[in-house]
Amino acid sequence: MVPPWDCGAGSRDVAQGESALLGLAFQSHVATVDPMAASPALLLMDRNLLARKQNARLDKQNDLGWKLFGKVPLRENAQKDSKKIQKEYEDKAGRPSKPPSPKQNVRKNLDFEPLSTTALILEDRPANLPAKPAEEAQKHRQQYEEMVVQAKKREVKEAQRRRRQLEERCRLEESIGNAVLTWNNEILPNWETMWCSRKVRDLWWQGIPPSVRGKVWSLAIGNELNITHELFDICLARAKERWRSFSTGGSEAENEDAGFSAADREASLELIKLDISRTFPNLCIFQQGGPYHDMLHSILGAYTCYRPDVGYVQGMSFIAAVLSLNLDTADAFIAFSNLLNKPCQMAFFRVDHGLMLTYFAAFEVFFEENLPKLFAHFKKNNLTPDIYLIDWIFTLYSKSLPLDLACRIWDVFCRDGEGFLFRTALGILKLFEDILTKMDFIHMAQFLTRLPDDLPAEEVFASIATIQMQSRNRKWAQVLTALQKDSRDTEKGSPSLRH
């Protein structure tokens with residue numbers, strides 16, 4: 001046999017022999033040639049042919065692995081395969097081949113197909129699916145362009161809204177800063193002479209800045225009861241001693257106080273514990289372990305010892321919580337005790353039915369005066385004021401309205417007194433007059449006992465400003481006094497000044 005490196009006729013014989021052997025091997029699909037005995041040329045040709053056959057099989061599998069909405073298997077040359085599929089599709093569809101746009105080039109270079117409507121609109125269908133009609137493709141492109149335009153418009157509107165909010169926030173912060181300077185430098189040092197001036201009343205209506213709100217509330221509520229910090233400490237110590245006594249099961253004689261049994265006292269303290277966990281639950285600061293839990297518990301416990309004849313009544317926790325957010329513990333207790341000592345609050349918390357009916361009757365006088373249409377609708381559906389007013393008055397709107405809005409109502413209430421609570425109620429009714437006149441009894445009661453959570457403060461105060469608390473040249477206090485003198489009309493619940 002002529003050596004393979006011979007360039008003469010022997011080489012041709014060897015090549016023919018190797019070709020014959022290789023053909024025989026592929027026909028039978030069995031390798032019968034010993035690789036150690038085969039020539040280098042035979043092995044080289046064998047490897048090249050087998051490699052080309054494997055690559056062809058892999059390409060076929062990759063073509064079958066195309067997915068419309070999922071990942072496409074990674075390929076050695078993804079861009080080339082995409083162009084090949086596009087060319088095959090266009091040849092079958094009979095459309096001339098167009099160069100891909102830059103956007104398509106970017107998308108084709110991705111290792112995956114995006115799962116979005118953009119893929120449905122802009123991507124061509126694969127070769128194994130029917131081609132899109134030209135009209136459908138054009139329609140999809142138009143829809144996509146409309147989507148882009150609408151998205152850009154939404155982005156512009158959102159940017160404008162954010163810019164307006166930022167500007168409004170900056171103006172609000174600037175006005176609050178200026179108001180703080182005015183209150184600290186001009187009003188508070190000269191409280192006795194300036195608190196009732198027109199300038200101060202206008203600032204008061206706009207809302208007291210949070211940083212000075214507690215101080216203004218304390219001055220406006222006053223301390224007619226002459227409660228000192230030492231008295232608060234004594235009441236708190238008694239409350240803690242009583243809590244320990246109940247927890248250890250002390251005798252009933254030790255727990256009786258001013259004629260109230262230990263069972264009543266224990267029920268009152270247990271109610272405090274239960275109500276604290278339900279006070280402003282969204283804030284998570286008054287619940288067990290929260291930063292204001294012990295403070296609120298101390299204020300309410302001390303009050304039950306200070307006023308055992310009143311004890312604890314549901315609704316007190318919301319008033320004490322609002323005060324604790326603006327004052328320290330002792331000052332909050334002083335303001336809380338003096339606030340509940342006001343005639344209106346005492347009538348409601350002591351559940352004086354006769355006096356409560358008098359307040360409801362006075363409210364209806366101004367209700368009919370300001371909102372006659374809605375008043376007649378309420379009367380027609382037998383919706384009485386106690387259904388919605390009790391919760392509003394008990395908690396001073398702190399439970400029924402957003403906290404920031406409730407604090408603004410407290411600002412003016414501390415200045416104007418109980419009459420503003422009922423004026424606020426009429427303002428809320430006026431704000432929703434159009435809606436309420438279309439409701440029946442059930443829906444009106446449900447709506448008024450659960451007001452919307454997103455009430456804008458400016459709209460509420462604008463509505464309150466339109467309410468006139470004057471009936472036949474008589475103000476709130478005069479109407480209330482006249483109704484108190486007429487016990488018969490008070491028991492019937494109908495105001496005496498109506499006729």
# chains A, B, ... in the order shown; residues from 1 in each chain; ligands from 1

call {"tool": "residues_around", "arguments": {"residues": "segment 436-448 of chain A", "least_positions_apart": "6", "cutoff": "12 Å", "atoms": "only C-alpha atoms", "output": "ChimeraX atom specification"}}
result
/A:371-392,397,400-401,425-426,428-430

call {"tool": "write_last_selection", "arguments": {"atoms": "C-alpha atoms", "output": "PDB file, in the first residue's frame"}}
result
ATOM      1  CA  LEU A 371     -81.546  73.002  54.896  1.00  0.00           C
ATOM      2  CA  PRO A 372     -85.356  72.924  54.647  1.00  0.00           C
ATOM      3  CA  LYS A 373     -85.464  70.462  51.728  1.00  0.00           C
ATOM      4  CA  LEU A 374     -83.171  67.928  53.369  1.00  0.00           C
ATOM      5  CA  PHE A 375     -84.901  68.446  56.728  1.00  0.00           C
ATOM      6  CA  ALA A 376     -88.269  67.544  55.156  1.00  0.00           C
ATOM      7  CA  HIS A 377     -86.700  64.476  53.515  1.00  0.00           C
ATOM      8  CA  PHE A 378     -85.317  63.311  56.881  1.00  0.00           C
ATOM      9  CA  LYS A 379     -88.693  63.840  58.531  1.00  0.00           C
ATOM     10  CA  LYS A 380     -90.441  61.926  55.766  1.00  0.00           C
ATOM     11  CA  ASN A 381     -88.108  58.957  56.305  1.00  0.00           C
ATOM     12  CA  ASN A 382     -88.176  59.260  60.128  1.00  0.00           C
ATOM     13  CA  LEU A 383     -84.415  59.773  60.344  1.00  0.00           C
ATOM     14  CA  THR A 384     -83.900  61.390  63.758  1.00  0.00           C
ATOM     15  CA  PRO A 385     -80.705  63.261  64.779  1.00  0.00           C
ATOM     16  CA  ASP A 386     -79.704  60.734  67.443  1.00  0.00           C
ATOM     17  CA  ILE A 387     -78.952  58.149  64.734  1.00  0.00           C
ATOM     18  CA  TYR A 388     -75.958  60.067  63.416  1.00  0.00           C
ATOM     19  CA  LEU A 389     -75.237  62.844  65.937  1.00  0.00           C
ATOM     20  CA  ILE A 390     -74.424  60.675  68.958  1.00  0.00           C
ATOM     21  CA  ASP A 391     -71.246  59.218  67.452  1.00  0.00           C
ATOM     22  CA  TRP A 392     -70.158  62.613  66.094  1.00  0.00           C
ATOM     23  CA  TYR A 397     -65.679  63.852  65.065  1.00  0.00           C
ATOM     24  CA  SER A 400     -65.972  59.810  61.997  1.00  0.00           C
ATOM     25  CA  LEU A 401     -63.628  62.089  60.031  1.00  0.00           C
ATOM     26  CA  ALA A 425     -72.900  68.591  61.515  1.00  0.00           C
ATOM     27  CA  LEU A 426     -75.040  70.905  59.376  1.00  0.00           C
ATOM     28  CA  ILE A 428     -71.533  67.930  56.513  1.00  0.00           C
ATOM     29  CA  LEU A 429     -75.233  67.475  55.733  1.00  0.00           C
ATOM     30  CA  LYS A 430     -75.127  70.407  53.327  1.00  0.00           C
TER      31      LYS A 430
END

call {"tool": "closest_residue", "arguments": {"among": "A:Asp454, A:Asp411, A:Glu186, A:Asp331", "to": "Leu231 of chain A", "atoms": "only C-alpha atoms"}}
result
A:Asp331

call {"tool": "select_by_dssp", "arguments": {"residues": "segment 162-381 of chain A", "states": "alpha helix (DSSP H)", "output": "VMD selection string"}}
result
chain A and resid 162 to 182 191 to 194 198 to 206 210 to 221 229 to 248 252 to 255 262 to 276 293 to 306 316 to 324 329 to 340 343 to 349 353 to 370 372 to 380

call {"tool": "residues_around", "arguments": {"residues": "Ile234 of chain A", "least_positions_apart": "4", "cutoff": "12 Å", "atoms": "only C-alpha atoms", "output": "PDB file with all heavy atoms, in the first residue's frame"}}
result
ATOM      1  N   ILE A 227     -57.117  71.753  88.060  1.00  0.00           N
ATOM      2  CA  ILE A 227     -56.392  70.487  88.204  1.00  0.00           C
ATOM      3  C   ILE A 227     -54.897  70.765  88.074  1.00  0.00           C
ATOM      4  O   ILE A 227     -54.454  71.460  87.154  1.00  0.00           O
ATOM      5  CB  ILE A 227     -56.855  69.476  87.136  1.00  0.00           C
ATOM      6  CG1 ILE A 227     -58.360  69.223  87.258  1.00  0.00           C
ATOM      7  CG2 ILE A 227     -56.075  68.176  87.261  1.00  0.00           C
ATOM      8  CD1 ILE A 227     -58.921  68.329  86.180  1.00  0.00           C
ATOM      9  N   THR A 228     -54.126  70.208  88.977  1.00  0.00           N
ATOM     10  CA  THR A 228     -52.673  70.373  88.950  1.00  0.00           C
ATOM     11  C   THR A 228     -52.010  69.071  88.520  1.00  0.00           C
ATOM     12  O   THR A 228     -52.640  68.005  88.481  1.00  0.00           O
ATOM     13  CB  THR A 228     -52.153  70.785  90.330  1.00  0.00           C
ATOM     14  OG1 THR A 228     -52.463  69.736  91.272  1.00  0.00           O
ATOM     15  CG2 THR A 228     -52.795  72.098  90.783  1.00  0.00           C
ATOM     16  N   HIS A 229     -50.714  69.157  88.229  1.00  0.00           N
ATOM     17  CA  HIS A 229     -49.959  67.952  87.886  1.00  0.00           C
ATOM     18  C   HIS A 229     -49.890  66.999  89.074  1.00  0.00           C
ATOM     19  O   HIS A 229     -49.864  65.773  88.895  1.00  0.00           O
ATOM     20  CB  HIS A 229     -48.553  68.337  87.428  1.00  0.00           C
ATOM     21  CG  HIS A 229     -48.526  68.951  86.062  1.00  0.00           C
ATOM     22  ND1 HIS A 229     -47.394  68.927  85.270  1.00  0.00           N
ATOM     23  CD2 HIS A 229     -49.476  69.599  85.340  1.00  0.00           C
ATOM     24  CE1 HIS A 229     -47.651  69.540  84.125  1.00  0.00           C
ATOM     25  NE2 HIS A 229     -48.909  69.961  84.146  1.00  0.00           N
ATOM     26  N   GLU A 230     -49.868  67.550  90.277  1.00  0.00           N
ATOM     27  CA  GLU A 230     -49.830  66.710  91.477  1.00  0.00           C
ATOM     28  C   GLU A 230     -51.135  65.918  91.620  1.00  0.00           C
ATOM     29  O   GLU A 230     -51.098  64.732  92.002  1.00  0.00           O
ATOM     30  CB  GLU A 230     -49.598  67.566  92.729  1.00  0.00           C
ATOM     31  CG  GLU A 230     -48.202  68.168  92.828  1.00  0.00           C
ATOM     32  CD  GLU A 230     -47.997  69.340  91.879  1.00  0.00           C
ATOM     33  OE1 GLU A 230     -49.018  69.898  91.402  1.00  0.00           O
ATOM     34  OE2 GLU A 230     -46.835  69.682  91.611  1.00  0.00           O
ATOM     35  N   ARG A 238     -53.714  56.044  92.264  1.00  0.00           N
ATOM     36  CA  ARG A 238     -54.905  55.312  92.718  1.00  0.00           C
ATOM     37  C   ARG A 238     -55.382  54.334  91.646  1.00  0.00           C
ATOM     38  O   ARG A 238     -55.804  53.208  91.953  1.00  0.00           O
ATOM     39  CB  ARG A 238     -56.001  56.292  93.074  1.00  0.00           C
ATOM     40  CG  ARG A 238     -55.738  57.111  94.316  1.00  0.00           C
ATOM     41  CD  ARG A 238     -56.894  58.034  94.628  1.00  0.00           C
ATOM     42  NE  ARG A 238     -58.105  57.277  94.898  1.00  0.00           N
ATOM     43  CZ  ARG A 238     -59.306  57.833  95.074  1.00  0.00           C
ATOM     44  NH1 ARG A 238     -59.444  59.151  94.966  1.00  0.00           N
ATOM     45  NH2 ARG A 238     -60.356  57.083  95.332  1.00  0.00           N
ATOM     46  N   ALA A 239     -55.318  54.777  90.377  1.00  0.00           N
ATOM     47  CA  ALA A 239     -55.749  53.887  89.293  1.00  0.00           C
ATOM     48  C   ALA A 239     -54.838  52.667  89.206  1.00  0.00           C
ATOM     49  O   ALA A 239     -55.316  51.528  89.048  1.00  0.00           O
ATOM     50  CB  ALA A 239     -55.744  54.654  87.973  1.00  0.00           C
ATOM     51  N   LYS A 240     -53.543  52.858  89.316  1.00  0.00           N
ATOM     52  CA  LYS A 240     -52.607  51.726  89.262  1.00  0.00           C
ATOM     53  C   LYS A 240     -52.822  50.783  90.443  1.00  0.00           C
ATOM     54  O   LYS A 240     -52.739  49.555  90.290  1.00  0.00           O
ATOM     55  CB  LYS A 240     -51.167  52.246  89.242  1.00  0.00           C
ATOM     56  CG  LYS A 240     -50.797  52.960  87.952  1.00  0.00           C
ATOM     57  CD  LYS A 240     -49.354  53.437  87.990  1.00  0.00           C
ATOM     58  CE  LYS A 240     -48.970  54.089  86.666  1.00  0.00           C
ATOM     59  NZ  LYS A 240     -47.568  54.592  86.667  1.00  0.00           N
ATOM     60  N   GLU A 241     -53.090  51.376  91.615  1.00  0.00           N
ATOM     61  CA  GLU A 241     -53.350  50.535  92.784  1.00  0.00           C
ATOM     62  C   GLU A 241     -54.621  49.717  92.588  1.00  0.00           C
ATOM     63  O   GLU A 241     -54.683  48.539  92.951  1.00  0.00           O
ATOM     64  CB  GLU A 241     -53.482  51.426  94.019  1.00  0.00           C
ATOM     65  CG  GLU A 241     -53.709  50.656  95.311  1.00  0.00           C
ATOM     66  CD  GLU A 241     -53.851  51.575  96.507  1.00  0.00           C
ATOM     67  OE1 GLU A 241     -53.649  52.809  96.346  1.00  0.00           O
ATOM     68  OE2 GLU A 241     -54.182  51.072  97.609  1.00  0.00           O
ATOM     69  N   SER A 298     -53.056  55.667  80.965  1.00  0.00           N
ATOM     70  CA  SER A 298     -52.898  56.448  82.192  1.00  0.00           C
ATOM     71  C   SER A 298     -53.933  57.564  82.276  1.00  0.00           C
ATOM     72  O   SER A 298     -54.514  57.807  83.351  1.00  0.00           O
ATOM     73  CB  SER A 298     -51.487  57.040  82.257  1.00  0.00           C
ATOM     74  OG  SER A 298     -50.506  56.021  82.274  1.00  0.00           O
ATOM     75  N   GLY A 301     -57.416  55.941  82.900  1.00  0.00           N
ATOM     76  CA  GLY A 301     -57.479  55.359  84.235  1.00  0.00           C
ATOM     77  C   GLY A 301     -57.530  56.425  85.316  1.00  0.00           C
ATOM     78  O   GLY A 301     -58.293  56.312  86.285  1.00  0.00           O
ATOM     79  N   ALA A 302     -56.730  57.490  85.143  1.00  0.00           N
ATOM     80  CA  ALA A 302     -56.738  58.564  86.128  1.00  0.00           C
ATOM     81  C   ALA A 302     -58.088  59.276  86.147  1.00  0.00           C
ATOM     82  O   ALA A 302     -58.559  59.701  87.222  1.00  0.00           O
ATOM     83  CB  ALA A 302     -55.616  59.556  85.820  1.00  0.00           C
ATOM     84  N   TYR A 303     -58.730  59.387  84.993  1.00  0.00           N
ATOM     85  CA  TYR A 303     -60.020  60.086  84.959  1.00  0.00           C
ATOM     86  C   TYR A 303     -61.101  59.284  85.688  1.00  0.00           C
ATOM     87  O   TYR A 303     -61.975  59.866  86.330  1.00  0.00           O
ATOM     88  CB  TYR A 303     -60.441  60.341  83.516  1.00  0.00           C
ATOM     89  CG  TYR A 303     -61.735  61.135  83.428  1.00  0.00           C
ATOM     90  CD1 TYR A 303     -61.732  62.503  83.636  1.00  0.00           C
ATOM     91  CD2 TYR A 303     -62.942  60.509  83.141  1.00  0.00           C
ATOM     92  CE1 TYR A 303     -62.911  63.244  83.578  1.00  0.00           C
ATOM     93  CE2 TYR A 303     -64.125  61.231  83.077  1.00  0.00           C
ATOM     94  CZ  TYR A 303     -64.103  62.604  83.294  1.00  0.00           C
ATOM     95  OH  TYR A 303     -65.271  63.320  83.244  1.00  0.00           O
ATOM     96  N   CYS A 305     -60.728  57.618  88.268  1.00  0.00           N
ATOM     97  CA  CYS A 305     -60.551  57.874  89.695  1.00  0.00           C
ATOM     98  C   CYS A 305     -60.903  59.319  90.039  1.00  0.00           C
ATOM     99  O   CYS A 305     -61.373  59.603  91.149  1.00  0.00           O
ATOM    100  CB  CYS A 305     -59.113  57.576  90.109  1.00  0.00           C
ATOM    101  SG  CYS A 305     -58.690  55.823  90.021  1.00  0.00           S
ATOM    102  N   TYR A 306     -60.679  60.227  89.105  1.00  0.00           N
ATOM    103  CA  TYR A 306     -60.998  61.631  89.349  1.00  0.00           C
ATOM    104  C   TYR A 306     -62.507  61.867  89.323  1.00  0.00           C
ATOM    105  O   TYR A 306     -63.041  62.636  90.126  1.00  0.00           O
ATOM    106  CB  TYR A 306     -60.300  62.505  88.307  1.00  0.00           C
ATOM    107  CG  TYR A 306     -60.666  63.970  88.379  1.00  0.00           C
ATOM    108  CD1 TYR A 306     -60.217  64.755  89.440  1.00  0.00           C
ATOM    109  CD2 TYR A 306     -61.463  64.560  87.404  1.00  0.00           C
ATOM    110  CE1 TYR A 306     -60.556  66.102  89.529  1.00  0.00           C
ATOM    111  CE2 TYR A 306     -61.811  65.894  87.475  1.00  0.00           C
ATOM    112  CZ  TYR A 306     -61.346  66.668  88.540  1.00  0.00           C
ATOM    113  OH  TYR A 306     -61.697  67.993  88.618  1.00  0.00           O
ATOM    114  N   ALA A 330     -49.683  64.798  81.525  1.00  0.00           N
ATOM    115  CA  ALA A 330     -50.370  65.563  82.570  1.00  0.00           C
ATOM    116  C   ALA A 330     -51.238  66.664  81.967  1.00  0.00           C
ATOM    117  O   ALA A 330     -52.396  66.850  82.367  1.00  0.00           O
ATOM    118  CB  ALA A 330     -49.348  66.147  83.543  1.00  0.00           C
TER     119      ALA A 330
END

call {"tool": "atom_distance", "arguments": {"atom1": "atom CA of Ala220 of chain A", "atom2": "atom CA of Cys414 of chain A"}}
result
5.6 Å

call {"tool": "residues_around", "arguments": {"residues": "Ala332 of chain A", "least_positions_apart": "3", "cutoff": "12 Å", "atoms": "only C-alpha atoms", "output": "PyMOL selection string"}}
result
chain A and resi 214-215+217-218+221-223+227-229+232+295-296+298-300+302-303+319-329+335-339

call {"tool": "atom_distance", "arguments": {"atom1": "atom CA of Leu396 of chain A", "atom2": "atom CA of Asp309 of chain A"}}
result
21.6 Å

call {"tool": "closest_residue", "arguments": {"among": "A:Ala477, A:Leu236, A:Val412, A:Leu283", "to": "Leu203 of chain A", "atoms": "only C-alpha atoms"}}
result
A:Val412

call {"tool": "atom_distance", "arguments": {"atom1": "atom CA of Met346 of chain A", "atom2": "atom CA of Phe394 of chain A"}}
result
9.9 Å
